[in-house]
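> Once you've had a glance at the structure underneath, I'll fire off some questions.
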Amino acid sequence: MTKNAKGGNRQRELVPRALKTTIPLSDQHPMVVLTDALDWTEMEVRAEKIRTKKLKNGAGRPPHLRALLGALTVMALRRLPYRETEEQIRYYAPARYLCGLTETEWTPDFTTIQDFSQLLGEDGVKLINEYVVQLAVKLGLADPKLAVADTTAQEAAIAHPTEVGLLASFLQSVGLAARTAGRKFKGFLSKVSAKIKEGKKKVRAHRLFAKTPDARRRILVDLTQVAEAITGQLGKAVQAAAGAGGKLRGHALAAEQKLSDLHRTMIKLLPQIRHWIKTGHVAAGKIINLHIPQLYSIVRGKVGKAVEFGLSWGITRLQGGFILATLGTQRSDVHDTKFAVRAVEDLAVLFGKAPKSYAYDRGGHSPENIKRLRQLGVRNVGLAPRGRAPWQVEGNIRDKLIRERAQVEGSIGTIKGQKYGFNHPAARSAAMMGTCGQRAVLGANLTKLARELAAGSRKAAVA
């Protein structure tokens, strides 16, 4: 049968096709399994705890916490952006069931989901993830008596940091933000427009025509002088704008805040670039990204990737495969020598007592750490020894801890895969990178929980 140009068939339907479909859901679908297994009241209590701590007051309509927590789990399971999450919840039946919306036509829009994610933050998602792990322990799917831990790096979605690249980003950003900020920065823009054009020409010359180290160094020196002149003018403009009064809205307000942030960052970055020009060595605490200055370089010593750029995390794996994550906002927060003990301390707080057996690689080995772990209550301390130092465990216990220690690498690889997106998250701030990291860990734990529960129900049905 041929079709009309406008679509459809030439012969009309006798009964108009219904736009509302009836779809039976399988009780083995992962989203259905999770909906029936999770204690949503407990999750709402934890989410409300975070909201109460972060909100200034309780004004406004009460949020649909049940639906928004369901949206959080959908994003964690499928690694979806906010708009696609809204579409999944609106049209995908298992997702609507997961959000508790099968009896209504209402759907949270993507801005509401985004606002909730930002409000919840890394610490809020961590609370939800801790509940999931505690549930797995309660159901006998995980055992906190045996745990292993390691550190890893969450790579940011940024370009490789170079001095010229950072300065080029500054020139581009300061011009765009000044044009958007309105009248307060009109005079500043007229003063630095020539400097911005001059700087962009030098960036182009560095990338296309500087073929020797001396030529590149000369252009970098000139470019640094241009950036210093613009930064000086920017500081005066930001100070004048702060004292001028008046209220800005929307993009103008965001642009003014951006200019203020750029000025603070450049005040720290320019001396670091000067240090590089003078000594050829990277300054301590070097800023590696202009827009997320909280990021830092992490020396990993891997083949083909000696340094990674982003944030450090500590990963703790319980026997059974469920994992907990700890974010290091500073470079020294999550270091092997510290996290080897901190992981056990966190487990003792979460479960009431330390694990009976615990393993870590040689980076966490030291007499002080061994003594501290025994004080916490760890009976079998499996810190891999350095050099010729003896193991603290032997025989079958040592072999078991070595096997479990190797499996934490697999858990880290799982969350860094494309399915969960721990690495290179679509985040424009360090805070949102932390949220995305915890969400990736939550997605891996929820997937494992659904798989284990579905497998258990199938075995019970066969029996």
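Chain labels follow the order of the structure tokens: the first chain is A, the next B, and so on; residue numbering restarts at 1 in every chain, and ligands are counted from 1 in their shown order.
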Please, which residues in stretch 27-131 of chain A fall within 12 Å of stretch 339-360 of chain A when counting only C-alpha atoms, and what is the closest atom pair and distance in Å to one decimal for each, ordered by chain then residue number, as JSON lines?

{"residue": "A:Lys126", "atom": "CA", "partner": "A:Leu350", "partner_atom": "CA", "distance": 12.0}
{"residue": "A:Leu127", "atom": "CA", "partner": "A:Leu350", "partner_atom": "CA", "distance": 10.5}
{"residue": "A:Asn129", "atom": "CA", "partner": "A:Leu350", "partner_atom": "CA", "distance": 11.7}
{"residue": "A:Glu130", "atom": "CA", "partner": "A:Leu350", "partner_atom": "CA", "distance": 8.0}
{"residue": "A:Tyr131", "atom": "CA", "partner": "A:Leu350", "partner_atom": "CA", "distance": 9.7}
> Where does stretch 216-292 of chain A meet stretch 185-193 of chain A within 9 Å, residue by residue, with the nearest atom pair and distance in Å to one decimal for each, counting only C-alpha atoms, listed by chain and rising number, as CSV?

residue,atom,partner,partner_atom,distance
A:Ala229,CA,A:Val192,CA,8.4
A:Ile230,CA,A:Val192,CA,6.2
A:Gln233,CA,A:Phe188,CA,6.8
A:Leu234,CA,A:Phe188,CA,7.0
A:Lys236,CA,A:Phe188,CA,8.6
A:Ala237,CA,A:Phe188,CA,6.2
A:Val238,CA,A:Phe185,CA,8.2
A:Ala241,CA,A:Phe185,CA,7.6
A:Glu256,CA,A:Phe185,CA,8.6
> Print the selection's residues with all heavy atoms to a file, as a tab-separated table (two decimals), in the first residue's frame.

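Writing done, so here's out_31.tsv:
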chain	number	residue	atom	x	y	z
A	229	ALA	N	48.69	42.98	31.86
A	229	ALA	CA	48.08	44.29	31.67
A	229	ALA	C	46.55	44.20	31.70
A	229	ALA	O	45.88	45.03	32.33
A	229	ALA	CB	48.55	44.89	30.34
A	230	ILE	N	45.99	43.19	31.06
A	230	ILE	CA	44.53	43.01	31.06
A	230	ILE	C	44.04	42.68	32.46
A	230	ILE	O	43.00	43.18	32.91
A	230	ILE	CB	44.13	41.91	30.06
A	230	ILE	CG1	44.51	42.32	28.63
A	230	ILE	CG2	42.64	41.62	30.14
A	230	ILE	CD1	44.28	41.24	27.60
A	233	GLN	N	43.79	45.84	34.58
A	233	GLN	CA	42.59	46.61	34.25
A	233	GLN	C	41.33	45.90	34.75
A	233	GLN	O	40.38	46.54	35.20
A	233	GLN	CB	42.51	46.83	32.74
A	233	GLN	CG	43.61	47.73	32.18
A	233	GLN	CD	43.43	49.18	32.62
A	233	GLN	OE1	42.34	49.62	32.98
A	233	GLN	NE2	44.53	49.92	32.61
A	234	LEU	N	41.33	44.57	34.67
A	234	LEU	CA	40.16	43.81	35.11
A	234	LEU	C	39.95	43.97	36.61
A	234	LEU	O	38.80	44.09	37.08
A	234	LEU	CB	40.34	42.33	34.75
A	234	LEU	CG	39.21	41.37	35.19
A	234	LEU	CD1	37.89	41.79	34.57
A	234	LEU	CD2	39.55	39.94	34.81
A	236	LYS	N	40.67	46.55	38.47
A	236	LYS	CA	40.06	47.87	38.71
A	236	LYS	C	38.58	47.86	38.33
A	236	LYS	O	37.75	48.44	39.03
A	236	LYS	CB	40.81	48.92	37.91
A	236	LYS	CG	42.27	49.10	38.31
A	236	LYS	CD	42.95	50.13	37.41
A	236	LYS	CE	44.43	50.28	37.76
A	236	LYS	NZ	45.12	51.24	36.87
A	237	ALA	N	38.25	47.20	37.21
A	237	ALA	CA	36.85	47.17	36.76
A	237	ALA	C	35.98	46.38	37.72
A	237	ALA	O	34.84	46.78	38.02
A	237	ALA	CB	36.78	46.58	35.35
A	238	VAL	N	36.49	45.27	38.22
A	238	VAL	CA	35.71	44.45	39.16
A	238	VAL	C	35.48	45.21	40.46
A	238	VAL	O	34.37	45.20	41.02
A	238	VAL	CB	36.45	43.13	39.44
A	238	VAL	CG1	35.81	42.39	40.61
A	238	VAL	CG2	36.43	42.24	38.20
A	241	ALA	N	32.88	47.91	39.77
A	241	ALA	CA	31.55	47.34	39.60
A	241	ALA	C	30.95	46.94	40.94
A	241	ALA	O	29.74	47.07	41.16
A	241	ALA	CB	31.61	46.13	38.67
A	256	GLU	N	29.30	38.90	35.29
A	256	GLU	CA	30.05	39.67	36.29
A	256	GLU	C	30.76	38.73	37.28
A	256	GLU	O	31.92	38.95	37.65
A	256	GLU	CB	29.12	40.62	37.04
A	256	GLU	CG	29.85	41.48	38.05
A	256	GLU	CD	28.96	42.49	38.73
A	256	GLU	OE1	27.77	42.56	38.37
A	256	GLU	OE2	29.45	43.21	39.63
> If you run DSSP over the backbone, which residues in stretch 51-251 of chain A end up strand (DSSP E)? Put them as a ChimeraX atom specification.
/A:143-155
> Limited to all heavy atoms, could you put the picked residues into a file as an mmCIF file, in the first residue's frame?

data_model
loop_
_atom_site.group_PDB
_atom_site.id
_atom_site.type_symbol
_atom_site.label_atom_id
_atom_site.label_comp_id
_atom_site.auth_asym_id
_atom_site.auth_seq_id
_atom_site.Cartn_x
_atom_site.Cartn_y
_atom_site.Cartn_z
ATOM 1 N N ASP A 143 29.582 -8.244 52.340
ATOM 2 C CA ASP A 143 30.072 -8.563 53.680
ATOM 3 C C ASP A 143 31.112 -7.526 54.092
ATOM 4 O O ASP A 143 32.212 -7.474 53.528
ATOM 5 C CB ASP A 143 30.702 -9.957 53.688
ATOM 6 C CG ASP A 143 31.075 -10.401 55.095
ATOM 7 O OD1 ASP A 143 30.818 -9.642 56.049
ATOM 8 O OD2 ASP A 143 31.617 -11.515 55.238
ATOM 9 N N PRO A 144 30.791 -6.662 55.075
ATOM 10 C CA PRO A 144 31.743 -5.644 55.504
ATOM 11 C C PRO A 144 32.874 -6.184 56.365
ATOM 12 O O PRO A 144 33.746 -5.417 56.784
ATOM 13 C CB PRO A 144 30.868 -4.664 56.286
ATOM 14 C CG PRO A 144 29.777 -5.510 56.837
ATOM 15 C CD PRO A 144 29.514 -6.571 55.806
ATOM 16 N N LYS A 145 32.876 -7.490 56.662
ATOM 17 C CA LYS A 145 33.962 -8.061 57.453
ATOM 18 C C LYS A 145 35.257 -8.167 56.663
ATOM 19 O O LYS A 145 36.323 -8.336 57.255
ATOM 20 C CB LYS A 145 33.561 -9.437 57.974
ATOM 21 C CG LYS A 145 32.402 -9.404 58.963
ATOM 22 C CD LYS A 145 32.058 -10.793 59.439
ATOM 23 C CE LYS A 145 30.874 -10.753 60.418
ATOM 24 N NZ LYS A 145 30.510 -12.116 60.883
ATOM 25 N N LEU A 146 35.157 -8.094 55.332
ATOM 26 C CA LEU A 146 36.343 -8.103 54.480
ATOM 27 C C LEU A 146 36.244 -6.937 53.504
ATOM 28 O O LEU A 146 35.242 -6.810 52.793
ATOM 29 C CB LEU A 146 36.470 -9.426 53.716
ATOM 30 C CG LEU A 146 37.799 -9.685 52.998
ATOM 31 C CD1 LEU A 146 38.040 -11.176 52.838
ATOM 32 C CD2 LEU A 146 37.864 -9.013 51.639
ATOM 33 N N ALA A 147 37.244 -6.110 53.492
ATOM 34 C CA ALA A 147 37.229 -4.931 52.622
ATOM 35 C C ALA A 147 38.619 -4.686 52.061
ATOM 36 O O ALA A 147 39.629 -5.047 52.667
ATOM 37 C CB ALA A 147 36.759 -3.696 53.391
ATOM 38 N N VAL A 148 38.660 -4.083 50.890
ATOM 39 C CA VAL A 148 39.908 -3.665 50.252
ATOM 40 C C VAL A 148 39.711 -2.238 49.751
ATOM 41 O O VAL A 148 38.575 -1.785 49.558
ATOM 42 C CB VAL A 148 40.305 -4.600 49.085
ATOM 43 C CG1 VAL A 148 40.610 -5.993 49.590
ATOM 44 C CG2 VAL A 148 39.191 -4.658 48.044
ATOM 45 N N ALA A 149 40.804 -1.525 49.533
ATOM 46 C CA ALA A 149 40.693 -0.123 49.121
ATOM 47 C C ALA A 149 41.848 0.246 48.212
ATOM 48 O O ALA A 149 42.885 -0.428 48.168
ATOM 49 C CB ALA A 149 40.658 0.794 50.340
ATOM 50 N N ASP A 150 41.661 1.332 47.494
ATOM 51 C CA ASP A 150 42.693 1.867 46.602
ATOM 52 C C ASP A 150 42.303 3.295 46.245
ATOM 53 O O ASP A 150 41.167 3.718 46.476
ATOM 54 C CB ASP A 150 42.826 1.017 45.336
ATOM 55 C CG ASP A 150 44.133 1.285 44.594
ATOM 56 O OD1 ASP A 150 44.974 2.040 45.133
ATOM 57 O OD2 ASP A 150 44.312 0.762 43.484
ATOM 58 N N THR A 151 43.236 4.027 45.671
ATOM 59 C CA THR A 151 42.969 5.377 45.190
ATOM 60 C C THR A 151 42.979 5.384 43.673
ATOM 61 O O THR A 151 43.609 4.540 43.033
ATOM 62 C CB THR A 151 44.014 6.378 45.709
ATOM 63 O OG1 THR A 151 45.321 5.974 45.280
ATOM 64 C CG2 THR A 151 43.971 6.461 47.223
ATOM 65 N N THR A 152 42.280 6.342 43.091
ATOM 66 C CA THR A 152 42.241 6.496 41.642
ATOM 67 C C THR A 152 42.029 7.964 41.311
ATOM 68 O O THR A 152 41.755 8.780 42.191
ATOM 69 C CB THR A 152 41.130 5.628 41.019
ATOM 70 O OG1 THR A 152 41.264 5.622 39.597
ATOM 71 C CG2 THR A 152 39.741 6.160 41.383
ATOM 72 N N ALA A 153 42.147 8.280 40.036
ATOM 73 C CA ALA A 153 41.984 9.653 39.574
ATOM 74 C C ALA A 153 40.746 9.754 38.701
ATOM 75 O O ALA A 153 40.497 8.892 37.852
ATOM 76 C CB ALA A 153 43.208 10.114 38.792
ATOM 77 N N GLN A 154 39.960 10.790 38.925
ATOM 78 C CA GLN A 154 38.834 11.114 38.065
ATOM 79 C C GLN A 154 39.293 12.201 37.092
ATOM 80 O O GLN A 154 39.468 13.351 37.476
ATOM 81 C CB GLN A 154 37.639 11.603 38.882
ATOM 82 C CG GLN A 154 36.420 11.947 38.040
ATOM 83 C CD GLN A 154 35.342 12.654 38.845
ATOM 84 O OE1 GLN A 154 35.626 13.292 39.853
ATOM 85 N NE2 GLN A 154 34.095 12.553 38.395
ATOM 86 N N GLU A 155 39.496 11.819 35.851
ATOM 87 C CA GLU A 155 39.992 12.773 34.874
ATOM 88 C C GLU A 155 38.890 13.738 34.457
ATOM 89 O O GLU A 155 37.752 13.341 34.226
ATOM 90 C CB GLU A 155 40.523 12.032 33.643
ATOM 91 C CG GLU A 155 41.756 11.188 33.921
ATOM 92 C CD GLU A 155 42.301 10.560 32.660
ATOM 93 O OE1 GLU A 155 43.034 11.226 31.914
ATOM 94 O OE2 GLU A 155 41.978 9.372 32.413
#
> From stretch 273-372 of chain A, collect each residue whose DSSP state is helix (DSSP H, G or I) and return the set as a PDB file with N, CA and C atoms, in the first residue's frame.

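Result file is selection-v4.pdb:
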ATOM      1  N   ILE A 273      53.157  31.124  35.966  1.00  0.00           N
ATOM      2  CA  ILE A 273      53.700  31.144  34.604  1.00  0.00           C
ATOM      3  C   ILE A 273      55.064  31.819  34.595  1.00  0.00           C
ATOM      4  N   ARG A 274      55.210  32.898  35.351  1.00  0.00           N
ATOM      5  CA  ARG A 274      56.513  33.560  35.473  1.00  0.00           C
ATOM      6  C   ARG A 274      57.561  32.598  36.045  1.00  0.00           C
ATOM      7  N   HIS A 275      57.164  31.790  37.005  1.00  0.00           N
ATOM      8  CA  HIS A 275      58.078  30.797  37.582  1.00  0.00           C
ATOM      9  C   HIS A 275      58.507  29.785  36.531  1.00  0.00           C
ATOM     10  N   TRP A 276      57.571  29.360  35.686  1.00  0.00           N
ATOM     11  CA  TRP A 276      57.894  28.417  34.607  1.00  0.00           C
ATOM     12  C   TRP A 276      58.867  29.039  33.612  1.00  0.00           C
ATOM     13  N   ILE A 277      58.630  30.299  33.244  1.00  0.00           N
ATOM     14  CA  ILE A 277      59.513  30.970  32.284  1.00  0.00           C
ATOM     15  C   ILE A 277      60.924  31.104  32.852  1.00  0.00           C
ATOM     16  N   LYS A 278      61.013  31.381  34.138  1.00  0.00           N
ATOM     17  CA  LYS A 278      62.312  31.634  34.758  1.00  0.00           C
ATOM     18  C   LYS A 278      63.089  30.349  35.038  1.00  0.00           C
ATOM     19  N   THR A 279      62.422  29.308  35.520  1.00  0.00           N
ATOM     20  CA  THR A 279      63.128  28.108  35.975  1.00  0.00           C
ATOM     21  C   THR A 279      62.934  26.891  35.072  1.00  0.00           C
ATOM     22  N   ASP A 336      47.719   7.573  49.400  1.00  0.00           N
ATOM     23  CA  ASP A 336      47.795   6.176  49.822  1.00  0.00           C
ATOM     24  C   ASP A 336      48.120   6.030  51.301  1.00  0.00           C
ATOM     25  N   THR A 337      49.086   6.790  51.789  1.00  0.00           N
ATOM     26  CA  THR A 337      49.499   6.634  53.184  1.00  0.00           C
ATOM     27  C   THR A 337      48.393   7.029  54.158  1.00  0.00           C
ATOM     28  N   LYS A 338      47.507   7.942  53.748  1.00  0.00           N
ATOM     29  CA  LYS A 338      46.410   8.378  54.610  1.00  0.00           C
ATOM     30  C   LYS A 338      45.147   7.554  54.380  1.00  0.00           C
ATOM     31  N   PHE A 339      44.835   7.290  53.113  1.00  0.00           N
ATOM     32  CA  PHE A 339      43.559   6.645  52.819  1.00  0.00           C
ATOM     33  C   PHE A 339      43.551   5.185  53.252  1.00  0.00           C
ATOM     34  N   ALA A 340      44.716   4.554  53.367  1.00  0.00           N
ATOM     35  CA  ALA A 340      44.761   3.173  53.833  1.00  0.00           C
ATOM     36  C   ALA A 340      44.116   3.037  55.208  1.00  0.00           C
ATOM     37  N   VAL A 341      44.243   4.066  56.037  1.00  0.00           N
ATOM     38  CA  VAL A 341      43.621   4.055  57.371  1.00  0.00           C
ATOM     39  C   VAL A 341      42.233   4.694  57.327  1.00  0.00           C
ATOM     40  N   ARG A 342      42.088   5.758  56.555  1.00  0.00           N
ATOM     41  CA  ARG A 342      40.808   6.460  56.512  1.00  0.00           C
ATOM     42  C   ARG A 342      39.686   5.560  56.006  1.00  0.00           C
ATOM     43  N   ALA A 343      39.975   4.678  55.058  1.00  0.00           N
ATOM     44  CA  ALA A 343      38.939   3.786  54.539  1.00  0.00           C
ATOM     45  C   ALA A 343      38.365   2.915  55.651  1.00  0.00           C
ATOM     46  N   VAL A 344      39.220   2.417  56.539  1.00  0.00           N
ATOM     47  CA  VAL A 344      38.750   1.578  57.653  1.00  0.00           C
ATOM     48  C   VAL A 344      37.989   2.424  58.667  1.00  0.00           C
ATOM     49  N   GLU A 345      38.457   3.629  58.927  1.00  0.00           N
ATOM     50  CA  GLU A 345      37.746   4.513  59.850  1.00  0.00           C
ATOM     51  C   GLU A 345      36.344   4.825  59.345  1.00  0.00           C
ATOM     52  N   ASP A 346      36.206   5.061  58.043  1.00  0.00           N
ATOM     53  CA  ASP A 346      34.885   5.327  57.465  1.00  0.00           C
ATOM     54  C   ASP A 346      33.977   4.112  57.560  1.00  0.00           C
ATOM     55  N   LEU A 347      34.539   2.918  57.337  1.00  0.00           N
ATOM     56  CA  LEU A 347      33.740   1.700  57.450  1.00  0.00           C
ATOM     57  C   LEU A 347      33.290   1.468  58.887  1.00  0.00           C
ATOM     58  N   ALA A 348      34.149   1.795  59.840  1.00  0.00           N
ATOM     59  CA  ALA A 348      33.784   1.628  61.247  1.00  0.00           C
ATOM     60  C   ALA A 348      32.629   2.549  61.631  1.00  0.00           C
ATOM     61  N   VAL A 349      32.619   3.755  61.056  1.00  0.00           N
ATOM     62  CA  VAL A 349      31.519   4.683  61.326  1.00  0.00           C
ATOM     63  C   VAL A 349      30.238   4.206  60.651  1.00  0.00           C
ATOM     64  N   LEU A 350      30.344   3.706  59.428  1.00  0.00           N
ATOM     65  CA  LEU A 350      29.166   3.326  58.653  1.00  0.00           C
ATOM     66  C   LEU A 350      28.515   2.047  59.177  1.00  0.00           C
ATOM     67  N   PHE A 351      29.337   1.060  59.575  1.00  0.00           N
ATOM     68  CA  PHE A 351      28.791  -0.245  59.968  1.00  0.00           C
ATOM     69  C   PHE A 351      28.943  -0.541  61.461  1.00  0.00           C
ATOM     70  N   ARG A 362      51.014  -1.613  48.436  1.00  0.00           N
ATOM     71  CA  ARG A 362      52.207  -1.231  49.194  1.00  0.00           C
ATOM     72  C   ARG A 362      52.304   0.266  49.463  1.00  0.00           C
ATOM     73  N   GLY A 363      51.508   1.063  48.726  1.00  0.00           N
ATOM     74  CA  GLY A 363      51.526   2.495  48.977  1.00  0.00           C
ATOM     75  C   GLY A 363      51.038   2.860  50.366  1.00  0.00           C
ATOM     76  N   GLY A 364      50.218   2.001  50.984  1.00  0.00           N
ATOM     77  CA  GLY A 364      49.698   2.283  52.317  1.00  0.00           C
ATOM     78  C   GLY A 364      50.457   1.601  53.429  1.00  0.00           C
ATOM     79  N   PRO A 367      54.711   1.005  59.433  1.00  0.00           N
ATOM     80  CA  PRO A 367      54.460   0.502  60.794  1.00  0.00           C
ATOM     81  C   PRO A 367      53.364   1.279  61.517  1.00  0.00           C
ATOM     82  N   GLU A 368      53.291   2.593  61.265  1.00  0.00           N
ATOM     83  CA  GLU A 368      52.255   3.404  61.918  1.00  0.00           C
ATOM     84  C   GLU A 368      50.865   2.991  61.454  1.00  0.00           C
ATOM     85  N   ASN A 369      50.722   2.740  60.134  1.00  0.00           N
ATOM     86  CA  ASN A 369      49.414   2.336  59.621  1.00  0.00           C
ATOM     87  C   ASN A 369      49.004   0.966  60.138  1.00  0.00           C
ATOM     88  N   ILE A 370      49.962   0.044  60.217  1.00  0.00           N
ATOM     89  CA  ILE A 370      49.653  -1.288  60.738  1.00  0.00           C
ATOM     90  C   ILE A 370      49.190  -1.197  62.190  1.00  0.00           C
ATOM     91  N   LYS A 371      49.871  -0.404  62.974  1.00  0.00           N
ATOM     92  CA  LYS A 371      49.494  -0.230  64.380  1.00  0.00           C
ATOM     93  C   LYS A 371      48.113   0.393  64.506  1.00  0.00           C
ATOM     94  N   ARG A 372      47.838   1.416  63.693  1.00  0.00           N
ATOM     95  CA  ARG A 372      46.544   2.094  63.757  1.00  0.00           C
ATOM     96  C   ARG A 372      45.413   1.163  63.331  1.00  0.00           C
TER      97      ARG A 372
END
> Nearest residue to A:Asp361 out of A:His251, A:Arg386, A:Arg379, A:Arg317, using only C-alpha atoms?
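For A:Asp361, the nearest of the candidates is A:Arg386.
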> Return the single residue from A:Arg179, A:Arg17, A:Arg398, A:His291 that is closest to A:Ala156, with distances computed using only C-alpha atoms.
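Answer, going by the shortest atom-to-atom distance: A:His291.
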> In Å, with one decimal, what is the gap from atom CA of A:Ala430 to atom CA of A:Ile267?
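Straight-line distance from atom CA of A:Ala430 to atom CA of A:Ile267 works out to 19.8 Å.
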> Could you state the separation of atom CA of A:Arg61 and atom CA of A:Lys49 in Å, given to one decimal place?
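Pair atom CA of A:Arg61 / atom CA of A:Lys49 returns 16.9 Å.
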> Do you know which residues are at most 7 Å from stretch 34-37 of chain A counting only C-alpha atoms, after dropping those on the same chain fewer than 4 positions away, and could you put them as a list in words?
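Non-adjacent residues within range: Pro30, Leu98 and Ala450 of chain A.
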> Between atom CA of A:Met266 and atom CA of A:Ala159, what is the distance in Å, rounded to a tenth?
18.0 Å
> Could you list, as a PyMOL selection string, every residue within 9 Å of A:Ile287, counting only C-alpha atoms and ignoring same-chain residues fewer than 2 positions away?
chain A and resi 161+265+268-269+272+285+289-290+292-297
> Selected residues, N, CA, C and O atoms, written as an mmCIF file, in the first residue's frame, please.

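New file part21.cif:
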data_model
loop_
_atom_site.group_PDB
_atom_site.id
_atom_site.type_symbol
_atom_site.label_atom_id
_atom_site.label_comp_id
_atom_site.auth_asym_id
_atom_site.auth_seq_id
_atom_site.Cartn_x
_atom_site.Cartn_y
_atom_site.Cartn_z
ATOM 1 N N PRO A 161 46.783 20.955 29.907
ATOM 2 C CA PRO A 161 47.133 22.314 30.329
ATOM 3 C C PRO A 161 48.521 22.735 29.853
ATOM 4 O O PRO A 161 49.509 22.064 30.106
ATOM 5 N N THR A 265 41.605 34.018 39.720
ATOM 6 C CA THR A 265 42.417 32.915 39.210
ATOM 7 C C THR A 265 43.703 33.417 38.561
ATOM 8 O O THR A 265 44.785 32.848 38.771
ATOM 9 N N LYS A 268 46.646 34.293 40.782
ATOM 10 C CA LYS A 268 47.447 33.137 41.211
ATOM 11 C C LYS A 268 48.226 32.526 40.047
ATOM 12 O O LYS A 268 49.350 32.040 40.237
ATOM 13 N N LEU A 269 47.630 32.539 38.856
ATOM 14 C CA LEU A 269 48.233 31.840 37.722
ATOM 15 C C LEU A 269 49.439 32.578 37.151
ATOM 16 O O LEU A 269 50.447 31.947 36.784
ATOM 17 N N GLN A 272 52.754 31.832 38.636
ATOM 18 C CA GLN A 272 53.146 30.462 38.315
ATOM 19 C C GLN A 272 53.723 30.369 36.906
ATOM 20 O O GLN A 272 54.683 29.626 36.663
ATOM 21 N N GLY A 285 51.307 23.497 43.237
ATOM 22 C CA GLY A 285 49.903 23.906 43.216
ATOM 23 C C GLY A 285 49.492 24.592 41.932
ATOM 24 O O GLY A 285 48.600 25.443 41.943
ATOM 25 N N ASN A 289 43.446 24.539 34.988
ATOM 26 C CA ASN A 289 42.280 24.909 34.198
ATOM 27 C C ASN A 289 41.740 26.236 34.704
ATOM 28 O O ASN A 289 41.556 26.421 35.912
ATOM 29 N N LEU A 290 41.476 27.154 33.778
ATOM 30 C CA LEU A 290 41.064 28.500 34.151
ATOM 31 C C LEU A 290 39.661 28.529 34.729
ATOM 32 O O LEU A 290 39.348 29.344 35.593
ATOM 33 N N ILE A 292 37.944 25.770 36.099
ATOM 34 C CA ILE A 292 37.795 24.911 37.280
ATOM 35 C C ILE A 292 39.150 24.900 37.985
ATOM 36 O O ILE A 292 39.910 23.928 37.898
ATOM 37 N N PRO A 293 39.485 25.971 38.683
ATOM 38 C CA PRO A 293 40.822 26.056 39.286
ATOM 39 C C PRO A 293 41.057 25.067 40.414
ATOM 40 O O PRO A 293 42.193 24.909 40.861
ATOM 41 N N GLN A 294 40.017 24.396 40.889
ATOM 42 C CA GLN A 294 40.187 23.417 41.966
ATOM 43 C C GLN A 294 40.840 22.129 41.483
ATOM 44 O O GLN A 294 41.288 21.309 42.291
ATOM 45 N N LEU A 295 40.904 21.900 40.169
ATOM 46 C CA LEU A 295 41.523 20.691 39.645
ATOM 47 C C LEU A 295 43.028 20.715 39.877
ATOM 48 O O LEU A 295 43.626 21.779 40.035
ATOM 49 N N TYR A 296 43.623 19.542 39.900
ATOM 50 C CA TYR A 296 45.064 19.450 40.113
ATOM 51 C C TYR A 296 45.619 18.258 39.329
ATOM 52 O O TYR A 296 44.877 17.383 38.870
ATOM 53 N N SER A 297 46.930 18.243 39.169
ATOM 54 C CA SER A 297 47.599 17.153 38.472
ATOM 55 C C SER A 297 47.889 16.025 39.452
ATOM 56 O O SER A 297 48.238 16.261 40.614
#
> May I ask which of the residues A:Ile412, A:Ala136, A:Ile50, A:Ala76 is the closest one to A:Ala440, counting only C-alpha atoms?
A:Ala76
